[in-house]
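Enquirer: What follows is input_4.txt; its format and atoms are compact mmCIF, C-alpha atoms and all ligand atoms.
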# COMPACT_ATOMS: atom_id res chain seq x y z
CA MET J 15 145.33 99.05 48.04
CA SER J 16 143.79 98.81 51.50
CA LEU J 17 144.91 102.31 52.42
CA SER J 18 143.14 104.07 49.56
CA LEU J 19 140.60 106.75 50.43
CA SER J 20 137.89 104.91 48.55
CA ALA J 21 138.50 101.56 50.28
CA GLU J 22 135.32 99.80 51.32
CA GLN J 23 134.66 99.03 54.96
CA PRO J 24 136.11 95.49 55.40
CA ALA J 25 134.04 92.51 56.53
CA VAL J 26 134.23 91.81 60.27
CA PRO J 27 136.55 88.81 60.88
CA ASP J 28 135.97 86.12 63.51
CA VAL J 29 138.92 87.36 65.52
CA ALA J 30 137.15 90.69 66.23
CA ASP J 31 136.61 91.45 69.90
CA ASP J 32 133.62 93.72 70.48
CA GLY J 33 133.88 94.92 66.88
CA VAL J 34 137.61 95.73 67.13
CA TRP J 35 140.48 93.90 65.39
CA LEU J 36 143.97 94.38 64.02
CA GLU J 37 144.65 94.13 60.30
CA CYS J 38 147.93 94.02 58.39
CA ILE J 39 148.16 96.85 55.86
CA GLU J 40 150.32 94.71 53.55
CA CYS J 41 148.74 91.23 53.42
CA GLY J 42 145.34 91.82 55.08
CA GLU J 43 145.83 89.17 57.79
CA THR J 44 143.61 89.86 60.80
CA PHE J 45 144.34 89.38 64.50
CA ALA J 46 142.42 89.56 67.77
CA PRO J 47 143.24 92.92 69.37
CA PHE J 48 143.89 92.11 73.03
CA ASP J 49 144.75 88.39 73.23
CA ASP J 50 148.49 88.62 72.62
CA VAL J 51 151.09 91.33 72.44
CA ARG J 52 151.74 92.08 68.78
CA TYR J 53 153.12 95.15 66.99
CA THR J 54 153.49 93.91 63.41
CA CYS J 55 152.03 91.18 61.21
CA ASP J 56 152.99 87.57 62.13
CA GLU J 57 152.70 86.59 58.47
CA CYS J 58 154.67 89.26 56.66
CA GLY J 59 156.03 91.74 59.22
CA GLY J 60 153.84 94.55 57.84
CA LEU J 61 152.40 97.39 59.91
CA LEU J 62 149.09 96.79 61.66
CA GLU J 63 146.01 98.99 61.83
CA VAL J 64 143.14 98.93 64.28
CA ARG J 65 139.83 98.28 62.50
CA TYR J 66 136.25 98.73 63.68
CA ALA J 67 132.97 97.09 62.77
CA ASP J 68 131.15 100.38 63.44
CA LEU J 69 132.55 103.67 62.23
CA PRO J 70 131.42 106.78 64.06
CA THR J 71 129.62 109.85 62.74
CA PHE J 72 130.11 113.41 64.02
CA ASP J 73 126.88 113.03 66.01
CA ASP J 74 128.46 110.25 68.07
CA PHE J 75 131.05 112.58 69.59
CA GLU J 76 130.31 114.03 73.01
CA GLY J 77 132.33 115.36 75.90
CA HIS J 78 135.73 117.02 75.88
CA GLY J 79 139.25 116.05 74.84
CA VAL J 80 140.49 112.78 73.39
CA TRP J 81 137.70 110.71 74.95
CA ARG J 82 135.08 112.88 73.26
CA TYR J 83 135.95 110.63 70.31
CA ALA J 84 135.47 107.33 72.18
CA ALA J 85 133.17 106.17 69.37
CA ALA J 86 136.24 106.21 67.10
CA LEU J 87 138.50 104.49 69.67
CA PRO J 88 138.82 100.95 71.03
CA PHE J 89 137.60 101.90 74.53
CA GLU J 90 135.09 104.17 76.25
CA ALA J 91 137.81 105.61 78.49
CA GLY J 92 141.51 105.23 79.23
CA VAL J 93 144.32 106.21 81.58
CA SER J 94 143.72 109.95 81.29
CA ILE J 95 145.30 113.23 82.36
CA GLN J 96 142.75 115.29 80.39
CA GLU J 97 144.59 115.27 77.08
CA GLY J 98 143.33 116.83 73.86
CA ALA J 99 140.92 119.75 73.36
CA THR J 100 143.92 121.89 72.43
CA PRO J 101 143.53 125.43 71.06
CA LEU J 102 143.07 126.19 67.36
CA TYR J 103 144.57 129.67 67.41
CA GLU J 104 143.90 132.46 64.94
CA VAL J 105 147.11 134.15 63.78
CA PRO J 106 145.99 137.17 61.74
CA ARG J 107 149.45 138.69 61.26
CA LEU J 108 151.05 135.45 60.18
CA GLU J 109 148.09 134.71 57.93
CA ASP J 110 148.57 138.11 56.23
CA GLU J 111 152.31 137.72 55.97
CA ILE J 112 152.07 134.25 54.40
CA GLY J 113 149.20 135.45 52.23
CA ILE J 114 146.47 132.82 52.51
CA GLU J 115 142.71 132.89 53.03
CA ALA J 116 142.84 131.43 56.54
CA LEU J 117 145.55 130.08 58.82
CA ARG J 118 144.95 128.40 62.14
CA ILE J 119 147.50 126.91 64.53
CA LYS J 120 146.53 123.68 66.26
CA HIS J 121 148.82 123.92 69.27
CA GLU J 122 149.46 120.44 70.56
CA GLY J 123 151.99 121.87 73.01
CA MET J 124 148.96 122.59 75.19
CA ASN J 125 148.53 118.94 76.14
CA PRO J 126 149.24 117.77 79.74
CA THR J 127 152.92 116.93 79.14
CA GLY J 128 153.29 119.53 76.39
CA SER J 129 153.07 117.46 73.21
CA PHE J 130 150.57 115.47 71.13
CA LYS J 131 152.17 112.24 72.36
CA ASP J 132 149.71 112.37 75.28
CA ARG J 133 146.83 111.60 72.91
CA GLY J 134 148.51 108.37 71.86
CA MET J 135 149.51 107.39 75.37
CA THR J 136 146.04 107.71 76.91
CA VAL J 137 144.94 104.92 74.54
CA GLY J 138 148.22 102.98 74.39
CA VAL J 139 148.66 102.71 78.16
CA GLN J 140 145.03 101.55 78.45
CA VAL J 141 145.82 98.77 75.97
CA ALA J 142 148.82 97.81 78.12
CA LYS J 143 146.42 97.48 81.06
CA GLU J 144 144.05 95.29 79.02
CA LEU J 145 146.97 93.07 78.01
CA GLY J 146 148.22 92.92 81.58
CA VAL J 147 151.83 93.67 80.65
CA GLY J 148 154.39 94.67 83.26
CA ARG J 149 156.92 97.16 81.96
CA LEU J 150 156.31 99.87 79.35
CA ALA J 151 159.06 101.17 77.13
CA CYS J 152 159.84 103.49 74.25
CA ALA J 153 162.70 104.95 72.28
CA SER J 154 162.34 108.68 72.11
CA THR J 155 163.69 111.98 70.87
CA GLY J 156 162.18 113.22 74.15
CA ASN J 157 158.46 113.86 74.01
CA THR J 158 157.37 110.24 73.78
CA SER J 159 159.43 109.51 76.89
CA ALA J 160 157.84 112.43 78.80
CA ALA J 161 154.34 111.26 77.86
CA LEU J 162 155.04 107.58 78.51
CA ALA J 163 156.54 108.40 81.92
CA ALA J 164 153.51 110.47 82.94
CA TYR J 165 150.84 108.08 81.65
CA GLY J 166 152.72 104.99 82.77
CA THR J 167 153.06 106.20 86.35
CA ARG J 168 149.46 107.39 86.36
CA GLY J 169 148.46 103.89 85.25
CA ASP J 170 150.69 102.49 88.00
CA MET J 171 153.13 100.80 85.64
CA GLU J 172 156.90 100.75 85.40
CA THR J 173 158.44 102.67 82.48
CA LEU J 174 161.75 102.41 80.68
CA VAL J 175 162.88 104.99 78.12
CA LEU J 176 165.82 104.87 75.71
CA LEU J 177 167.14 108.27 74.64
CA PRO J 178 169.95 109.23 72.23
CA ALA J 179 172.66 110.62 74.52
CA GLY J 180 173.16 114.38 74.21
CA LYS J 181 170.33 114.82 71.68
CA VAL J 182 167.30 115.32 73.87
CA ALA J 183 166.06 118.77 74.94
CA ALA J 184 166.34 119.60 78.64
CA GLY J 185 162.64 119.96 79.42
CA LYS J 186 161.85 116.51 78.12
CA ILE J 187 164.49 114.68 80.17
CA ALA J 188 163.34 116.59 83.24
CA GLN J 189 159.80 115.33 82.70
CA ALA J 190 160.74 111.69 82.15
CA SER J 191 162.93 111.89 85.21
CA LEU J 192 160.39 113.42 87.60
CA HIS J 193 157.55 111.22 86.34
CA ASP J 194 159.66 108.31 87.46
CA ALA J 195 160.83 106.65 84.26
CA ARG J 196 164.03 104.66 84.26
CA ILE J 197 166.11 106.56 81.67
CA LEU J 198 168.78 104.89 79.55
CA GLU J 199 171.00 107.29 77.62
CA VAL J 200 172.12 105.35 74.57
CA ASP J 201 175.35 106.07 72.77
CA GLY J 202 173.60 106.20 69.39
CA ASN J 203 170.87 108.09 67.53
CA PHE J 204 167.10 107.73 67.84
CA ASP J 205 166.87 105.08 65.13
CA ALA J 206 169.40 102.92 67.00
CA CYS J 207 167.35 103.35 70.21
CA LEU J 208 164.22 102.22 68.37
CA ASP J 209 165.99 99.16 66.94
CA ILE J 210 167.03 98.15 70.47
CA VAL J 211 163.68 98.73 72.14
CA GLN J 212 161.99 96.71 69.35
CA GLU J 213 164.37 93.86 70.14
CA LEU J 214 163.60 94.12 73.86
CA ALA J 215 159.88 94.06 73.01
CA ALA J 216 160.34 91.02 70.73
CA LYS J 217 162.01 89.21 73.65
CA GLY J 218 158.95 90.00 75.79
CA GLU J 219 160.93 92.23 78.17
CA VAL J 220 158.85 95.35 77.61
CA TYR J 221 155.61 96.57 76.04
CA LEU J 222 156.50 98.92 73.20
CA LEU J 223 154.75 102.28 73.08
CA ASN J 224 156.40 103.91 70.10
CA SER J 225 154.12 104.87 67.22
CA LEU J 226 154.81 101.49 65.64
CA ASN J 227 152.18 100.44 68.18
CA PRO J 228 148.95 100.84 66.19
CA PHE J 229 146.92 101.85 69.25
CA ARG J 230 148.97 105.02 69.76
CA LEU J 231 147.82 106.23 66.37
CA GLU J 232 144.18 105.73 67.36
CA GLY J 233 144.55 108.36 70.08
CA GLN J 234 146.40 110.67 67.70
CA LYS J 235 143.53 110.46 65.18
CA THR J 236 141.66 112.81 67.48
CA ILE J 237 143.92 115.71 66.39
CA GLY J 238 142.35 115.42 62.93
CA LEU J 239 138.84 115.12 64.33
CA GLU J 240 139.31 118.23 66.50
CA ILE J 241 140.70 120.24 63.57
CA LEU J 242 137.75 119.25 61.38
CA GLU J 243 135.19 120.10 64.05
CA GLY J 244 136.94 123.43 64.71
CA PHE J 245 136.94 124.42 61.03
CA LEU J 246 133.34 123.29 60.54
CA ALA J 247 132.30 125.45 63.50
CA ASP J 248 134.23 128.54 62.36
CA TYR J 249 134.17 128.34 58.54
CA ASP J 250 131.42 125.82 57.87
CA THR J 251 133.93 123.77 55.89
CA VAL J 252 136.91 121.51 56.57
CA PRO J 253 140.45 122.85 55.94
CA ASP J 254 141.92 122.56 52.46
CA ARG J 255 145.26 121.51 53.88
CA ILE J 256 146.90 120.38 57.12
CA VAL J 257 150.64 121.00 57.44
CA LEU J 258 152.58 119.05 60.05
CA PRO J 259 156.14 118.19 61.08
CA VAL J 260 157.17 114.62 60.25
CA GLY J 261 159.46 112.41 62.32
CA ASN J 262 158.31 108.79 62.41
CA ALA J 263 155.23 109.87 60.42
CA GLY J 264 152.85 108.58 63.07
CA ASN J 265 150.74 111.72 63.06
CA THR J 266 150.58 111.82 59.28
CA SER J 267 149.32 108.22 59.35
CA ALA J 268 146.88 108.92 62.19
CA LEU J 269 145.33 111.97 60.54
CA TYR J 270 144.93 110.07 57.30
CA LYS J 271 143.24 107.21 59.13
CA ALA J 272 140.84 109.61 60.83
CA PHE J 273 139.83 111.04 57.45
CA ARG J 274 139.60 107.63 55.76
CA GLU J 275 137.22 106.44 58.47
CA LEU J 276 135.05 109.55 58.05
CA VAL J 277 134.94 108.96 54.28
CA GLN J 278 134.00 105.30 54.84
CA ALA J 279 131.27 106.38 57.27
CA GLY J 280 129.89 108.80 54.67
CA GLU J 281 130.67 111.79 56.89
CA LEU J 282 133.30 113.38 54.63
CA ASP J 283 133.44 113.64 50.86
CA GLU J 284 136.55 112.04 49.35
CA ASP J 285 137.30 115.27 47.46
CA ASP J 286 137.11 117.36 50.62
CA VAL J 287 139.77 115.47 52.59
CA PRO J 288 142.47 117.98 53.64
CA LYS J 289 145.74 117.71 51.74
CA LEU J 290 148.25 116.22 54.15
CA THR J 291 151.48 118.15 53.85
CA GLY J 292 154.54 116.90 55.72
CA VAL J 293 157.55 118.98 56.68
CA GLN J 294 161.00 117.70 57.61
CA ALA J 295 164.31 119.37 58.35
CA ASP J 296 166.88 119.47 55.54
CA GLY J 297 169.21 117.29 57.63
CA ALA J 298 166.60 114.55 58.26
CA ALA J 299 164.32 114.37 55.24
CA PRO J 300 163.89 110.73 54.10
CA MET J 301 160.11 111.14 53.65
CA VAL J 302 160.55 114.24 51.51
CA GLU J 303 163.04 112.32 49.40
CA ALA J 304 160.56 109.45 48.92
CA ILE J 305 157.68 111.77 47.98
CA GLU J 306 159.84 113.79 45.59
CA ASN J 307 161.12 110.62 43.89
CA ASP J 308 157.64 109.10 43.82
CA ALA J 309 159.16 106.09 45.62
CA ASP J 310 157.09 103.54 47.52
CA GLU J 311 159.75 102.98 50.11
CA VAL J 312 161.81 105.32 52.20
CA ARG J 313 165.58 105.06 52.12
CA ARG J 314 166.95 105.08 55.69
CA TRP J 315 169.25 108.05 56.39
CA ASP J 316 172.02 106.97 58.74
CA ASP J 317 173.33 110.43 59.50
CA VAL J 318 170.69 112.92 60.50
CA GLU J 319 171.12 116.35 62.03
CA THR J 320 168.84 119.27 62.88
CA ARG J 321 168.15 121.75 65.66
CA ALA J 322 164.59 120.37 65.63
CA THR J 323 165.59 117.35 67.74
CA ALA J 324 162.03 115.93 67.89
CA ILE J 325 162.19 115.19 64.15
CA ARG J 326 165.82 114.15 63.99
CA ILE J 327 164.81 110.77 62.57
CA GLY J 328 166.27 108.95 59.57
CA ASN J 329 164.02 105.90 59.37
CA PRO J 330 160.34 106.87 59.67
CA VAL J 331 158.71 103.60 60.73
CA ASN J 332 155.20 104.62 59.72
CA ALA J 333 156.16 105.57 56.17
CA PRO J 334 154.09 102.72 54.59
CA LYS J 335 150.99 104.29 56.18
CA ALA J 336 151.96 107.92 55.70
CA ILE J 337 153.06 107.87 52.05
CA PRO J 338 149.59 106.77 50.81
CA GLY J 339 148.12 109.45 53.11
CA ILE J 340 150.13 112.22 51.49
CA ARG J 341 149.53 110.92 47.94
CA GLU J 342 145.84 110.05 48.21
CA THR J 343 144.96 113.43 49.70
CA GLY J 344 146.89 115.35 47.05
CA GLY J 345 149.34 116.65 49.62
CA THR J 346 153.10 116.92 49.42
CA ALA J 347 156.25 116.99 51.55
CA VAL J 348 158.90 119.67 51.86
CA ALA J 349 162.19 120.13 53.69
CA VAL J 350 163.21 123.34 55.48
CA SER J 351 166.51 124.59 56.90
CA ASP J 352 167.19 125.08 60.59
CA GLU J 353 167.25 128.85 59.95
CA GLU J 354 163.79 128.71 58.40
CA ILE J 355 162.60 126.69 61.40
CA THR J 356 163.95 129.26 63.86
CA ASP J 357 162.43 132.14 61.85
CA ALA J 358 159.05 130.42 62.01
CA GLN J 359 159.50 129.80 65.73
CA ARG J 360 160.02 133.55 66.18
CA ALA J 361 157.01 134.39 63.98
CA LEU J 362 154.78 132.14 66.09
CA ALA J 363 156.24 133.62 69.26
CA ARG J 364 155.28 137.12 68.01
CA GLU J 365 151.68 135.88 67.91
CA GLY J 366 152.06 134.73 71.52
CA ILE J 367 152.38 131.07 70.61
CA GLY J 368 155.41 129.36 72.13
CA VAL J 369 156.56 126.21 70.36
CA GLU J 370 159.64 124.02 70.26
CA PRO J 371 161.72 123.98 67.05
CA ALA J 372 160.23 120.83 65.46
CA SER J 373 156.76 122.34 65.79
CA ALA J 374 157.74 125.47 63.92
CA ALA J 375 158.72 123.32 60.94
CA SER J 376 155.04 123.22 59.94
CA VAL J 377 154.85 127.00 59.60
CA ALA J 378 158.28 127.15 57.94
CA GLY J 379 157.10 124.56 55.40
CA LEU J 380 153.86 126.41 54.71
CA ARG J 381 155.78 129.65 54.13
CA LYS J 382 158.05 127.92 51.67
CA LEU J 383 155.22 126.18 49.78
CA ARG J 384 153.21 129.40 49.61
CA ALA J 385 156.24 131.31 48.30
CA SER J 386 156.80 128.69 45.60
CA GLY J 387 153.10 128.70 44.65
CA VAL J 388 152.40 125.09 45.66
CA VAL J 389 149.94 126.45 48.22
CA ASP J 390 147.33 128.83 46.75
CA ASP J 391 146.30 132.14 48.29
CA ASP J 392 142.67 130.98 48.57
CA GLU J 393 143.47 128.01 50.81
CA ARG J 394 142.31 127.55 54.38
CA VAL J 395 145.14 125.84 56.22
CA ALA J 396 145.77 124.34 59.65
CA CYS J 397 149.37 124.08 60.83
CA LEU J 398 150.11 121.62 63.59
CA THR J 399 152.53 122.75 66.27
CA THR J 400 153.46 119.58 68.05
CA GLY J 401 155.29 120.63 71.24
CA HIS J 402 155.57 123.46 73.75
CA LEU J 403 158.32 126.11 73.84
CA LEU J 404 159.40 125.05 77.35
CA LYS J 405 160.33 121.60 76.08
CA ASP J 406 163.52 123.06 74.65
CA PRO J 407 164.43 126.13 76.73
CA ASP J 408 167.93 126.27 75.24
CA ALA J 409 166.62 126.57 71.68
CA ALA J 410 164.12 129.22 72.79
CA ALA J 411 166.78 131.28 74.56
CA ALA J 412 169.08 131.01 71.56
CA ALA J 413 166.31 132.16 69.19
CA GLY J 414 165.23 135.05 71.43
CA GLY J 415 166.95 138.20 72.70
CA ASP J 416 169.54 138.21 75.48
CA PRO J 417 168.81 139.46 79.03
CA GLU J 418 170.54 142.79 79.83
CA PRO J 419 172.37 143.02 83.16
CA VAL J 420 171.58 146.26 85.08
CA PRO J 421 172.23 147.60 88.59
CA ALA J 422 169.40 147.38 91.17
CA ASP J 423 168.66 151.10 90.86
CA THR J 424 165.69 152.82 89.18
CA ASP J 425 167.66 155.82 87.87
CA ASP J 426 170.34 153.58 86.41
CA ILE J 427 167.66 151.46 84.78
CA LEU J 428 165.94 154.55 83.31
CA GLU J 429 169.28 155.64 81.90
CA HIS J 430 169.92 152.14 80.56
CA LEU J 431 166.53 152.16 78.83
CA GLN J 432 167.51 155.36 76.93
CA GLN J 433 170.32 153.48 75.20
C1 LIG J 501 157.04 113.16 68.05
C2 LIG J 501 157.14 114.56 67.54
C3 LIG J 501 157.09 114.86 66.18
C4 LIG J 501 157.08 113.80 65.12
O1 LIG J 501 155.83 113.19 65.00
P1 LIG J 501 155.67 111.85 64.15
O2 LIG J 501 154.28 111.42 64.43
O3 LIG J 501 156.69 110.88 64.65
O4 LIG J 501 155.90 112.20 62.72
C5 LIG J 501 157.12 116.18 65.80
N1 LIG J 501 157.20 117.17 66.71
C6 LIG J 501 157.26 116.91 68.03
C7 LIG J 501 157.39 118.05 68.97
C8 LIG J 501 157.23 115.61 68.49
O5 LIG J 501 157.30 115.38 69.79
ZN ZN J 502 150.92 90.87 56.79
So, in terms of structure tokens, how does the structure I just supplied come out?
Expert:
Amino acid sequence: MSLSLSAEQPAVPDVADDGVWLECIECGETFAPFDDVRYTCDECGGLLEVRYADLPTFDDFEGHGVWRYAAALPFEAGVSIQEGATPLYEVPRLEDEIGIEALRIKHEGMNPTGSFKDRGMTVGVQVAKELGVGRLACASTGNTSAALAAYGTRGDMETLVLLPAGKVAAGKIAQASLHDARILEVDGNFDACLDIVQELAAKGEVYLLNSLNPFRLEGQKTIGLEILEGFLADYDTVPDRIVLPVGNAGNTSALYKAFRELVQAGELDEDDVPKLTGVQADGAAPMVEAIENDADEVRRWDDVETRATAIRIGNPVNAPKAIPGIRETGGTAVAVSDEEITDAQRALAREGIGVEPASAASVAGLRKLRASGVVDDDERVACLTTGHLLKDPDAAAAAGGDPEPVPADTDDILEHLQQ
């Protein structure tokens, strides 16, 4: 299996351009990276991965943010708004409450547009420039559209986003709108939007920047590299486990790829690779179902529902990359209720960390797995929080306390405060 942790570095094919090529994860067919627009394998329709003749070592990394990791990426630089270099917060109270050796929160909400999608877009929009395509597009539960709009306009390209009507948080639509995307509100769910945008891309109408696009995942690998460097600096060891919310499973795939490349480069011991642990909402948990049933394929859920709109996805397109990642690292997947998600959102907020509901799923999942004994008390764990609180102001206000109306008078207010 080409996605195993112990896979050898493949031979460099003739189609490689400057040591970079695309390879099908199913049949192994290779393709030149920037000659034609291509999202999946011409031969078998499988998912593609970006491959490199030279894999980087930790010593190759210099600078700040996503492009610190240029040695692990297809370019030296891209269309950038200074993405990456997000905080790896300590959360001593939450760590105590959950009862583990160490807990850190990698807060991806601190990216330029407030989610990790920026890391993928800085690379993906650069590829669009290399290919010379005209119009960029994505289907989105919100954050991809915000990031695509910002990076697209910064790269001076037109952007089109397809959103499920009524299911996208207010902050995200506001961003796509102000950053000048053309927004189509589709009368259907996210998976339907993705089907349509894939068809538009196949007709050559748009360049697709969903996480099906293998270059997006290259940028998102840098989350894993930052977490590893942060843990090595603070604990002199990599984390035992990384817990993350799962929607299309792009991040799960990207983190696994980052670790696989470090293992291949001899920079990370196979046994030390963090256990990738995915969390979904009860109402949208096809990956959890596949992992629990030890299935190789994910069954598409047609009806999905959760307050965590960013992971309201029934057909995770990157499952063929993510399932080996969870299995090979000894990780697992777990589903949590909307109530557990909101509780975790409040717990993070008490530590001063403001996240949107989907992000809190990671902490909710960790809590649940620790309570059931799947996670040991001696583990050092990183939880990924994927988006900022302000992305979904309605969810935040609903989870928090209500404002109290008072007269504009100090004495009245003092009296009110006695109550
Ligand atoms: C996109 C997104 C996810 C899902 O990530 P995948 O890589 O698709 O699994 C989770 N949380 C937030 C906030 C997101 O924007
Ligand atoms: Zn193939």
Enquirer: Enumerate residues in contact with ligand ZN 502 (chain J): an atom-to-atom distance of at most 10 Å, counting all atoms listed in the file. Format the result as JSON, numbers by chain.
Expert: {"J": [37, 38, 39, 40, 41, 42, 43, 44, 54, 55, 56, 57, 58, 59, 60, 61, 62]}
Enquirer: Looking at only C-alpha atoms, which of J:Gln234, J:Asn203, J:Ser159, J:Thr346 is the one that sits closest to Gly79 in chain J?
Expert: J:Gln234
Enquirer: Using all atoms listed in the file, which of the listed residues (J:Asn329, J:Gln359, J:Thr100, J:Ser94) sits closest to Gly138 in chain J?
Expert: J:Ser94
Enquirer: Each residue of chain J with at least one atom at most 9 Å from ligand LIG 501 (chain J) should appear once, together with its nearest atom pair and the corresponding distance in Å (one decimal); atoms considered: all atoms listed in the file; ordering: chain, then increasing residue number; output as CSV.
Expert:
residue,atom,partner,partner_atom,distance
J:Glu122,CA,J:LIG501,C7,8.4
J:Gly123,CA,J:LIG501,C7,7.8
J:Gly128,CA,J:LIG501,C7,8.6
J:Ser129,CA,J:LIG501,O5,5.8
J:Phe130,CA,J:LIG501,O5,6.9
J:Lys131,CA,J:LIG501,O5,6.5
J:Ser154,CA,J:LIG501,C1,8.0
J:Thr155,CA,J:LIG501,O5,7.3
J:Gly156,CA,J:LIG501,O5,6.9
J:Asn157,CA,J:LIG501,O5,4.6
J:Thr158,CA,J:LIG501,C1,6.4
J:Asn224,CA,J:LIG501,O3,8.9
J:Ser225,CA,J:LIG501,O3,7.0
J:Leu231,CA,J:LIG501,O2,8.5
J:Gln234,CA,J:LIG501,O2,8.6
J:Leu258,CA,J:LIG501,C5,7.9
J:Pro259,CA,J:LIG501,C5,5.2
J:Val260,CA,J:LIG501,O4,3.7
J:Gly261,CA,J:LIG501,O4,3.6
J:Asn262,CA,J:LIG501,O3,3.5
J:Ala263,CA,J:LIG501,O4,3.3
J:Gly264,CA,J:LIG501,O2,3.5
J:Asn265,CA,J:LIG501,O2,3.8
J:Thr266,CA,J:LIG501,O4,6.3
J:Ser267,CA,J:LIG501,O2,7.8
J:Ala268,CA,J:LIG501,O2,8.1
J:Gly292,CA,J:LIG501,O4,8.5
J:Ala322,CA,J:LIG501,N1,8.1
J:Thr323,CA,J:LIG501,C7,8.3
J:Ala324,CA,J:LIG501,C8,4.8
J:Ile325,CA,J:LIG501,C4,5.4
J:Arg326,CA,J:LIG501,C4,8.8
J:Ile327,CA,J:LIG501,O3,8.4
J:Pro330,CA,J:LIG501,O3,7.4
J:Val331,CA,J:LIG501,O3,8.5
J:Asn332,CA,J:LIG501,O3,8.1
J:Val369,CA,J:LIG501,C7,8.3
J:Glu370,CA,J:LIG501,C7,6.5
J:Pro371,CA,J:LIG501,C7,7.6
J:Ala372,CA,J:LIG501,N1,4.9
J:Ser373,CA,J:LIG501,N1,5.3
J:Ala374,CA,J:LIG501,N1,8.8
J:Ala375,CA,J:LIG501,N1,8.6
J:Leu398,CA,J:LIG501,N1,8.9
J:Thr399,CA,J:LIG501,C7,7.3
J:Thr400,CA,J:LIG501,C7,4.3
J:Gly401,CA,J:LIG501,C7,4.0
J:His402,CA,J:LIG501,C7,7.4
J:Lys405,CA,J:LIG501,C7,8.5
Enquirer: What residues have an atom no more than 7 Å from (146.4, 119.4, 56.7) in the file's own frame, counting all atoms listed in the file, and can you write them as a VMD selection string?
Expert: chain J and resid 253 to 257 288 to 291 395 to 397
Enquirer: Give me, please, the distance in Å between CA of Glu97 in chain J and CA of Tyr165 in chain J, quoted to one decimal.
Expert: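 About the pair CA of Glu97 in chain J and CA of Tyr165 in chain J: they are 10.6 Å apart.
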Enquirer: Nearest to Ser18 in chain J: which of J:Pro338, J:Gly148, J:Gly387, J:Gly233 is it, counting all atoms listed in the file?
Expert: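 Residue with the minimum atom-to-atom distance to Ser18 in chain J: J:Pro338.
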Enquirer: Closest to Leu404 in chain J among J:Leu380, J:Leu17, J:Val141, J:Ala183, using all atoms listed in the file?
Expert: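 When distances to Leu404 in chain J are compared using all atoms listed in the file, the smallest one comes from J:Ala183.
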